[in-house]
file structure.pdb (PDB, C-alpha atoms)
ATOM      1  CA  MET A   1       0.000   0.000   0.000
ATOM      2  CA  PHE A   2       2.729   2.381   0.922
ATOM      3  CA  THR A   3       4.742   1.562  -2.192
ATOM      4  CA  VAL A   4       1.792   2.265  -4.463
ATOM      5  CA  TYR A   5       1.257   5.612  -2.809
ATOM      6  CA  TYR A   6       4.965   6.392  -3.095
ATOM      7  CA  ARG A   7       4.938   5.555  -6.786
ATOM      8  CA  GLU A   8       2.051   7.866  -7.483
ATOM      9  CA  VAL A   9       3.684  10.708  -5.630
ATOM     10  CA  VAL A  10       6.941  10.224  -7.527
ATOM     11  CA  VAL A  11       5.176  10.172 -10.875
ATOM     12  CA  GLU A  12       3.220  13.258  -9.948
ATOM     13  CA  VAL A  13       6.416  15.069  -9.009
ATOM     14  CA  ALA A  14       7.898  14.061 -12.376
ATOM     15  CA  PHE A  15       4.834  15.447 -14.117
ATOM     16  CA  TYR A  16       5.106  18.798 -12.392
ATOM     17  CA  ILE A  17       8.860  19.059 -12.966
ATOM     18  CA  ALA A  18       8.448  18.369 -16.684
ATOM     19  CA  GLY A  19       5.630  20.902 -16.936
ATOM     20  CA  ALA A  20       7.711  23.524 -15.148
ATOM     21  CA  VAL A  21      10.645  22.875 -17.467
ATOM     22  CA  ALA A  22       8.367  23.244 -20.484
ATOM     23  CA  ILE A  23       6.995  26.575 -19.304
ATOM     24  CA  ILE A  24      10.397  27.941 -18.265
ATOM     25  CA  ALA A  25      11.953  26.934 -21.588
ATOM     26  CA  THR A  26       9.135  28.547 -23.524
ATOM     27  CA  GLY A  27       9.482  31.758 -21.548
ATOM     28  CA  LEU A  28      13.225  31.850 -22.112
ATOM     29  CA  MET A  29      12.591  31.227 -25.792
ATOM     30  CA  LEU A  30      10.496  34.363 -25.962
ATOM     31  CA  LYS A  31      13.079  36.371 -24.066
ATOM     32  CA  ASP A  32      16.042  35.344 -26.182
ATOM     33  CA  LEU A  33      17.034  37.709 -28.956
ATOM     34  CA  ASN A  34      19.048  35.184 -30.904
ATOM     35  CA  VAL A  35      17.075  32.897 -33.175
ATOM     36  CA  VAL A  36      19.332  29.895 -32.702
ATOM     37  CA  HIS A  37      19.211  30.148 -28.908
ATOM     38  CA  ALA A  38      15.443  30.449 -29.100
ATOM     39  CA  LEU A  39      15.425  27.288 -31.217
ATOM     40  CA  LEU A  40      17.403  25.434 -28.555
ATOM     41  CA  TYR A  41      14.927  26.477 -25.887
ATOM     42  CA  LEU A  42      12.024  25.472 -28.098
ATOM     43  CA  ILE A  43      13.505  22.010 -28.584
ATOM     44  CA  VAL A  44      13.913  21.622 -24.820
ATOM     45  CA  SER A  45      10.320  22.720 -24.359
ATOM     46  CA  LEU A  46       9.086  20.134 -26.846
ATOM     47  CA  LEU A  47      11.082  17.388 -25.129
ATOM     48  CA  ALA A  48       9.567  18.394 -21.799
ATOM     49  CA  VAL A  49       6.096  18.186 -23.276
ATOM     50  CA  ALA A  50       6.977  14.716 -24.571
ATOM     51  CA  ILE A  51       7.856  13.656 -21.011
ATOM     52  CA  VAL A  52       4.544  15.063 -19.818
ATOM     53  CA  PHE A  53       2.810  12.892 -22.408
ATOM     54  CA  TYR A  54       4.733   9.858 -21.249
ATOM     55  CA  VAL A  55       3.903  10.466 -17.625
ATOM     56  CA  ILE A  56       0.179  10.933 -18.142
ATOM     57  CA  GLY A  57      -0.003   7.630 -19.978
ATOM     58  CA  ALA A  58       0.282   8.398 -23.680
ATOM     59  CA  PRO A  59       3.582   6.807 -24.771
ATOM     60  CA  PHE A  60       2.687   6.708 -28.465
ATOM     61  CA  VAL A  61       2.107  10.436 -28.611
ATOM     62  CA  ALA A  62       5.267  11.035 -26.584
ATOM     63  CA  ALA A  63       7.321   9.163 -29.174
ATOM     64  CA  LEU A  64       5.662  11.064 -31.999
ATOM     65  CA  GLU A  65       6.367  14.350 -30.259
ATOM     66  CA  VAL A  66      10.064  13.559 -30.026
ATOM     67  CA  ILE A  67      10.380  12.183 -33.545
ATOM     68  CA  ILE A  68       8.262  14.610 -35.525
ATOM     69  CA  TYR A  69       8.213  17.828 -33.513
ATOM     70  CA  ALA A  70      11.638  17.842 -31.919
ATOM     71  CA  GLY A  71      13.121  15.958 -34.845
ATOM     72  CA  ALA A  72      11.662  16.810 -38.216
ATOM     73  CA  ILE A  73      10.058  20.200 -37.707
ATOM     74  CA  MET A  74      12.966  21.597 -35.729
ATOM     75  CA  VAL A  75      15.363  20.357 -38.414
ATOM     76  CA  LEU A  76      13.353  22.406 -40.896
ATOM     77  CA  PHE A  77      13.782  25.468 -38.711
ATOM     78  CA  VAL A  78      17.494  24.843 -38.333
ATOM     79  CA  PHE A  79      17.875  24.478 -42.094
ATOM     80  CA  VAL A  80      16.147  27.752 -42.766
ATOM     81  CA  VAL A  81      18.141  29.604 -40.115
ATOM     82  CA  MET A  82      21.380  28.250 -41.514
ATOM     83  CA  MET A  83      20.382  29.141 -45.064
ATOM     84  CA  LEU A  84      19.589  32.694 -44.097
ATOM     85  CA  ASN A  85      22.846  33.193 -42.250
ATOM     86  CA  LEU A  86      25.167  32.612 -45.185
ATOM     87  CA  GLY A  87      27.634  35.453 -45.278
ATOM     88  CA  ASP A  88      31.084  36.676 -44.503
ATOM     89  CA  SER A  89      30.267  37.236 -40.869
ATOM     90  CA  ALA A  90      29.134  33.657 -40.333
ATOM     91  CA  VAL A  91      32.391  32.571 -38.718
ATOM     92  CA  ALA A  92      32.444  35.518 -36.366
ATOM     93  CA  MET A  93      28.842  34.804 -35.435
ATOM     94  CA  GLU A  94      29.668  31.165 -34.724
ATOM     95  CA  LYS A  95      32.402  32.284 -32.391
ATOM     96  CA  GLY A  96      30.010  34.617 -30.647
ATOM     97  CA  TRP A  97      27.395  31.898 -30.264
ATOM     98  CA  LEU A  98      29.622  29.341 -28.629
ATOM     99  CA  THR A  99      30.056  31.254 -25.403
ATOM    100  CA  PRO A 100      29.224  29.355 -22.228
ATOM    101  CA  LYS A 101      26.457  31.813 -21.502
ATOM    102  CA  SER A 102      24.592  30.667 -24.568
ATOM    103  CA  TRP A 103      24.512  26.967 -23.913
ATOM    104  CA  THR A 104      24.253  26.735 -20.136
ATOM    105  CA  GLY A 105      20.531  27.493 -20.013
ATOM    106  CA  PRO A 106      19.341  24.813 -22.443
ATOM    107  CA  THR A 107      21.901  22.364 -21.065
ATOM    108  CA  VAL A 108      20.674  22.732 -17.497
ATOM    109  CA  LEU A 109      17.048  22.329 -18.505
ATOM    110  CA  ALA A 110      17.830  19.344 -20.726
ATOM    111  CA  GLY A 111      19.885  17.824 -17.889
ATOM    112  CA  VAL A 112      16.883  18.032 -15.586
ATOM    113  CA  LEU A 113      14.792  16.246 -18.200
ATOM    114  CA  LEU A 114      17.476  13.612 -18.728
ATOM    115  CA  CYS A 115      17.678  12.844 -15.000
ATOM    116  CA  GLU A 116      13.936  12.531 -14.913
ATOM    117  CA  VAL A 117      13.793  10.132 -17.846
ATOM    118  CA  ALA A 118      16.652   8.072 -16.444
ATOM    119  CA  TYR A 119      14.888   7.791 -13.110
ATOM    120  CA  LEU A 120      11.590   6.811 -14.701
ATOM    121  CA  VAL A 121      13.255   4.193 -16.889
ATOM    122  CA  VAL A 122      15.358   2.699 -14.103
ATOM    123  CA  ARG A 123      12.395   2.577 -11.780
ATOM    124  CA  GLY A 124      10.508   0.609 -14.406
ATOM    125  CA  GLY A 125       6.856  -0.190 -14.601
ATOM    126  CA  GLY A 126       4.180   1.865 -16.247
ATOM    127  CA  ALA A 127       4.831   5.538 -15.816
ATOM    128  CA  GLN A 128       1.274   6.704 -15.685
ATOM    129  CA  MET A 129      -0.280   8.752 -12.964
ATOM    130  CA  GLY A 130      -3.348   7.511 -11.119
ATOM    131  CA  ILE A 131      -5.352   7.692 -14.302
ATOM    132  CA  GLY A 132      -5.002   4.813 -16.701
ATOM    133  CA  MET A 133      -3.000   4.621 -19.846
ATOM    134  CA  VAL A 134      -4.161   4.663 -23.452
ATOM    135  CA  SER A 135      -2.114   2.159 -25.384
ATOM    136  CA  PRO A 136      -0.908   2.579 -28.977
ATOM    137  CA  LYS A 137      -3.103  -0.358 -29.959
ATOM    138  CA  GLN A 138      -6.259   1.465 -28.926
ATOM    139  CA  VAL A 139      -5.117   4.550 -30.788
ATOM    140  CA  GLY A 140      -4.440   2.574 -33.970
ATOM    141  CA  ILE A 141      -7.764   0.759 -33.854
ATOM    142  CA  ILE A 142      -9.696   3.987 -33.496
ATOM    143  CA  LEU A 143      -7.513   5.841 -35.998
ATOM    144  CA  PHE A 144      -8.234   3.382 -38.788
ATOM    145  CA  GLY A 145     -11.817   2.804 -37.729
ATOM    146  CA  PRO A 146     -14.085   5.805 -37.312
ATOM    147  CA  TYR A 147     -11.366   8.304 -38.155
ATOM    148  CA  LEU A 148     -10.333   6.839 -41.508
ATOM    149  CA  ILE A 149     -11.664   9.812 -43.437
ATOM    150  CA  GLY A 150      -9.535  12.047 -41.242
ATOM    151  CA  VAL A 151      -6.451  10.048 -42.143
ATOM    152  CA  GLU A 152      -7.215  10.471 -45.841
ATOM    153  CA  LEU A 153      -7.744  14.194 -45.384
ATOM    154  CA  ALA A 154      -4.455  14.439 -43.482
ATOM    155  CA  SER A 155      -2.638  12.733 -46.332
ATOM    156  CA  MET A 156      -4.146  15.156 -48.819
ATOM    157  CA  LEU A 157      -3.149  18.052 -46.573
ATOM    158  CA  LEU A 158       0.412  16.799 -46.461
ATOM    159  CA  LEU A 159       0.477  16.492 -50.254
ATOM    160  CA  ALA A 160      -0.821  20.032 -50.569
ATOM    161  CA  GLY A 161       1.825  21.219 -48.139
ATOM    162  CA  LEU A 162       4.552  19.462 -50.107
ATOM    163  CA  VAL A 163       3.452  20.919 -53.440
ATOM    164  CA  GLY A 164       2.944  24.357 -51.933
ATOM    165  CA  ALA A 165       6.350  24.391 -50.276
ATOM    166  CA  TYR A 166       7.988  23.308 -53.515
ATOM    167  CA  HIS A 167       6.138  25.920 -55.510
ATOM    168  CA  LEU A 168       7.077  28.685 -53.095
ATOM    169  CA  GLY A 169      10.605  27.535 -52.535
ATOM    170  CA  VAL A 170      11.731  27.133 -56.128
ATOM    171  CA  ARG A 171      13.783  30.020 -57.480
ATOM    172  CA  THR A 172      12.604  31.769 -60.569
ATOM    173  CA  THR A 173      14.977  31.572 -63.512
ATOM    174  CA  PRO A 174      17.190  34.644 -63.654
ATOM    175  CA  LYS A 175      16.333  36.940 -66.496
ATOM    176  CA  ALA A 176      19.909  37.053 -67.770
ATOM    177  CA  GLU A 177      19.786  33.391 -68.616
ATOM    178  CA  ILE A 178      16.600  33.755 -70.608
ATOM    179  CA  ARG A 179      18.063  36.680 -72.536
ATOM    180  CA  HIS A 180      21.254  34.805 -73.223
ATOM    181  CA  ALA A 181      19.351  31.799 -74.527
ATOM    182  CA  ARG A 182      17.268  33.985 -76.835
ATOM    183  CA  ASP A 183      20.325  35.805 -78.180
ATOM    184  CA  THR A 184      22.079  32.551 -78.834
ATOM    185  CA  TYR A 185      19.121  31.329 -80.815
ATOM    186  CA  THR A 186      18.917  34.411 -83.037
ATOM    187  CA  ARG A 187      22.674  34.509 -83.576
ATOM    188  CA  ARG A 188      22.847  30.969 -84.811
ATOM    189  CA  ALA A 189      24.360  30.610 -88.270
ATOM    190  CA  THR A 190      22.049  30.206 -91.242
ATOM    191  CA  PRO A 191      21.895  26.680 -92.594
ATOM    192  CA  SER A 192      23.110  27.787 -96.024
ATOM    193  CA  GLY A 193      26.232  29.510 -94.739
ATOM    194  CA  ASP A 194      29.609  27.841 -94.505
ATOM    195  CA  LEU A 195      31.114  29.733 -91.645
ATOM    196  CA  VAL A 196      29.868  30.963 -88.355
ATOM    197  CA  LEU A 197      30.905  34.555 -88.071
ATOM    198  CA  ALA A 198      30.764  35.250 -84.440
ATOM    199  CA  GLY A 199      29.683  38.719 -83.474
ATOM    200  CA  THR A 200      28.717  39.947 -86.919
ATOM    201  CA  ASP A 201      25.127  40.496 -85.896
ATOM    202  CA  ARG A 202      26.045  42.895 -83.152
ATOM    203  CA  PRO A 203      25.938  46.581 -83.728
ATOM    204  CA  PRO A 204      29.350  48.234 -83.894
ATOM    205  CA  ARG A 205      30.532  49.322 -80.511
ATOM    206  CA  THR A 206      30.548  53.036 -79.987
ATOM    207  CA  PRO A 207      33.314  54.216 -77.725
TER     208      PRO A 207
ATOM    209  CA  MET B   1       1.735  27.575 -22.650
ATOM    210  CA  PHE B   2      -0.883  28.621 -25.177
ATOM    211  CA  SER B   3      -0.848  32.135 -23.766
ATOM    212  CA  LEU B   4       2.953  32.153 -23.857
ATOM    213  CA  GLY B   5       2.815  31.295 -27.559
ATOM    214  CA  LEU B   6       0.242  34.014 -28.143
ATOM    215  CA  ILE B   7       2.417  36.552 -26.334
ATOM    216  CA  GLY B   8       5.350  35.537 -28.504
ATOM    217  CA  LEU B   9       3.252  35.911 -31.622
ATOM    218  CA  LEU B  10       2.278  39.431 -30.631
ATOM    219  CA  VAL B  11       5.531  40.670 -29.153
ATOM    220  CA  ARG B  12       8.274  39.411 -31.409
ATOM    221  CA  ARG B  13       8.882  40.861 -34.833
ATOM    222  CA  ASP B  14      11.155  38.217 -36.280
ATOM    223  CA  LEU B  15       9.221  36.072 -38.703
ATOM    224  CA  ILE B  16      10.969  32.862 -37.660
ATOM    225  CA  LEU B  17      10.166  33.597 -34.019
ATOM    226  CA  VAL B  18       6.564  34.177 -35.001
ATOM    227  CA  LEU B  19       6.454  30.760 -36.687
ATOM    228  CA  MET B  20       8.002  29.172 -33.604
ATOM    229  CA  SER B  21       5.375  30.803 -31.415
ATOM    230  CA  LEU B  22       2.727  29.338 -33.691
ATOM    231  CA  GLU B  23       4.280  25.927 -33.117
ATOM    232  CA  VAL B  24       4.097  26.470 -29.362
ATOM    233  CA  MET B  25       0.435  27.374 -29.600
ATOM    234  CA  LEU B  26      -0.412  24.296 -31.673
ATOM    235  CA  ASN B  27       1.567  22.151 -29.285
ATOM    236  CA  ALA B  28      -0.295  23.557 -26.299
ATOM    237  CA  ALA B  29      -3.631  22.827 -27.941
ATOM    238  CA  GLY B  30      -2.527  19.268 -28.655
ATOM    239  CA  LEU B  31      -1.352  18.889 -25.073
ATOM    240  CA  ALA B  32      -4.785  19.918 -23.836
ATOM    241  CA  PHE B  33      -6.390  17.333 -26.130
ATOM    242  CA  VAL B  34      -4.133  14.526 -24.960
ATOM    243  CA  VAL B  35      -4.591  15.368 -21.282
ATOM    244  CA  ALA B  36      -8.360  15.446 -21.684
ATOM    245  CA  GLY B  37      -8.315  12.129 -23.547
ATOM    246  CA  SER B  38      -6.191  10.614 -20.815
ATOM    247  CA  ARG B  39      -8.477  11.951 -18.121
ATOM    248  CA  TRP B  40     -11.556  10.294 -19.622
ATOM    249  CA  GLN B  41      -9.764   7.182 -20.873
ATOM    250  CA  GLN B  42     -10.487   7.882 -24.529
ATOM    251  CA  ALA B  43      -8.056   7.514 -27.395
ATOM    252  CA  ASP B  44      -9.742  10.303 -29.354
ATOM    253  CA  GLY B  45      -7.538  12.935 -27.802
ATOM    254  CA  GLN B  46      -4.447  11.282 -29.196
ATOM    255  CA  ILE B  47      -6.085  11.013 -32.621
ATOM    256  CA  VAL B  48      -6.711  14.743 -32.610
ATOM    257  CA  PHE B  49      -3.124  15.294 -31.565
ATOM    258  CA  LEU B  50      -2.013  13.319 -34.611
ATOM    259  CA  PHE B  51      -4.078  15.569 -36.838
ATOM    260  CA  VAL B  52      -2.681  18.670 -35.155
ATOM    261  CA  LEU B  53       0.816  17.291 -35.740
ATOM    262  CA  THR B  54       0.096  16.743 -39.441
ATOM    263  CA  MET B  55      -1.293  20.226 -39.807
ATOM    264  CA  ALA B  56       1.671  21.738 -37.992
ATOM    265  CA  ALA B  57       4.092  19.968 -40.320
ATOM    266  CA  ALA B  58       2.299  21.181 -43.450
ATOM    267  CA  GLU B  59       1.929  24.678 -42.065
ATOM    268  CA  VAL B  60       5.534  25.039 -41.053
ATOM    269  CA  SER B  61       6.856  23.800 -44.389
ATOM    270  CA  VAL B  62       4.779  26.303 -46.340
ATOM    271  CA  GLY B  63       5.545  29.053 -43.842
ATOM    272  CA  LEU B  64       9.282  28.516 -44.007
ATOM    273  CA  ALA B  65       9.184  28.479 -47.810
ATOM    274  CA  LEU B  66       7.382  31.824 -47.637
ATOM    275  CA  VAL B  67      10.010  33.123 -45.231
ATOM    276  CA  LEU B  68      12.772  32.153 -47.651
ATOM    277  CA  GLN B  69      11.032  33.898 -50.531
ATOM    278  CA  LEU B  70      10.468  37.014 -48.433
ATOM    279  CA  TYR B  71      14.102  37.069 -47.422
ATOM    280  CA  HIS B  72      15.233  36.844 -51.043
ATOM    281  CA  GLN B  73      12.878  39.632 -52.018
ATOM    282  CA  PHE B  74      13.374  42.068 -49.170
ATOM    283  CA  LYS B  75      16.604  40.962 -47.460
ATOM    284  CA  THR B  76      15.001  41.263 -44.055
ATOM    285  CA  LEU B  77      12.803  39.234 -41.749
ATOM    286  CA  ASP B  78      11.367  42.113 -39.785
ATOM    287  CA  ALA B  79       7.594  41.905 -39.841
ATOM    288  CA  ASP B  80       7.276  45.674 -39.503
ATOM    289  CA  ALA B  81       9.510  46.297 -42.480
ATOM    290  CA  LEU B  82       7.403  43.897 -44.536
ATOM    291  CA  SER B  83       4.123  45.611 -43.742
ATOM    292  CA  GLU B  84       3.918  47.438 -47.036
ATOM    293  CA  MET B  85       1.569  44.819 -48.464
ATOM    294  CA  ARG B  86      -1.555  46.902 -48.178
ATOM    295  CA  GLY B  87      -4.570  46.576 -50.412
TER     296      GLY B  87
END

call {"tool": "encode", "arguments": {"input": "structure.pdb", "output": "structure tokens"}}
result
Amino acid sequence: MFTVYYREVVVEVAFYIAGAVAIIATGLMLKDLNVVHALLYLIVSLLAVAIVFYVIGAPFVAALEVIIYAGAIMVLFVFVVMMLNLGDSAVAMEKGWLTPKSWTGPTVLAGVLLCEVAYLVVRGGGAQMGIGMVSPKQVGIILFGPYLIGVELASMLLLAGLVGAYHLGVRTTPKAEIRHARDTYTRRATPSGDLVLAGTDRPPRTP
Amino acid sequence: MFSLGLIGLLVRRDLILVLMSLEVMLNAAGLAFVVAGSRWQQADGQIVFLFVLTMAAAEVSVGLALVLQLYHQFKTLDADALSEMRG
């Protein structure tokens, strides 16, 4: 009896610690002026939310949060930030970013989360609070049962997002290339001629 | 957390920060769904979280492509400097 009570208290403490870490990281993200530091805090916040999911008994969603949110979507953000920062001052900025002041905050918060996860894993057993746990099997059965139309709509939404991102992200052809191609076409030698006289179609250069 | 995301959306003027605040808001909404589903022992909350996740992925890809295009056009990411798009 006592052990069960102890377990619930421990899990509840883990829940509140993870929630506090999530809120603190989000607040620090808003406060930070540097985009990359804000990204670090956002990743820590998402990991904390994943631990909250795990603790309240939704392990499937916790895994998805880590893989898709903290993995894929944040990689997109990192790519865009790195693409926008191409320049001569990139090296100097890198040096400025790697100060201890910049990485202590996210490291401390992530360390708290890591200790928590290690404790929960070592302790073993289901990590849910007093309320029960919704297994991935239940989620899958319902997802492909009554919600099948939603899955189809989600796939169409993803396709639309893919096509839209490609359409917006593709560079337009520079006008110089089009002009060059057109000039090359008009300057081509006539089929009856023997020689290609380069430059004869240009007007004489006026100094 | 939802209100924190909303504050970020209103306060910050960097377009990437605005997108990140949008992510925080979507995540907070999904968190509320999952907690409610766990409270009443229903899997529906997690289903809705999956849909929110899908929508967030599509939204952020299109939004970041727009950000790239804006940066190539205007060479800035300041939302105030980009406010010339009036009807």

call {"tool": "resolve_selection", "arguments": {"input": "structure.pdb", "expression": "the ChimeraX specification (/A :<6) & /B", "output": "NGL selection string"}}
result
:B and (8 or 43 or 58 or 61-62 or 65)

call {"tool": "residues_around", "arguments": {"input": "structure.pdb", "residues": "A:Val55", "least_positions_apart": "3", "cutoff": "10 Å", "atoms": "all atoms listed in the file", "output": "list in words"}}
result
Val11, Glu12, Ala14, Phe15, Tyr16, Ala18, Val49, Ala50, Ile51, Val52, Ala58, Pro59, Ala62, Val117, Leu120, Gly126, Ala127, Gln128, Met129 and Met133 of chain A

call {"tool": "atom_distance", "arguments": {"input": "structure.pdb", "atom1": "atom CA of A:Val13", "atom2": "atom CA of A:Tyr54"}}
result
13.4 Å

call {"tool": "atom_distance", "arguments": {"input": "structure.pdb", "atom1": "atom CA of A:Ala25", "atom2": "atom CA of A:Tyr41"}}
result
5.2 Å

call {"tool": "resolve_selection", "arguments": {"input": "structure.pdb", "expression": "the PyMOL selection byres ((chain A and resi 107) around 12)", "output": "list in words"}}
result
Val21, Ala25, His37, Leu40, Tyr41, Ile43, Val44, Pro100, Lys101, Ser102, Trp103, Thr104, Gly105, Pro106, Val108, Leu109, Ala110, Gly111, Val112, Leu113 and Leu114 of chain A

call {"tool": "residues_around", "arguments": {"input": "structure.pdb", "residues": "B:Gly45", "least_positions_apart": "5", "cutoff": "6 Å", "atoms": "only C-alpha atoms", "output": "PyMOL selection string"}}
result
chain B and resi 33-34+37

call {"tool": "atom_distance", "arguments": {"input": "structure.pdb", "atom1": "atom CA of A:Ala70", "atom2": "atom CA of A:Thr99"}}
result
23.7 Å

call {"tool": "axis_aligned_box", "arguments": {"input": "structure.pdb", "around": "stretch 65-76 of chain B", "padding_each_side": "8 Å", "output": "JSON"}}
result
{"center_x": 12.0, "center_y": 35.3, "center_z": -48.0, "size_x": 25.2, "size_y": 29.6, "size_z": 24.0}

call {"tool": "resolve_selection", "arguments": {"input": "structure.pdb", "expression": "the PyMOL selection byres ((chain B and resi 49) around 9)", "output": "PyMOL selection string"}}
result
(chain A and resi 61) or (chain B and resi 27+29-31+33-34+44-48+50-54)
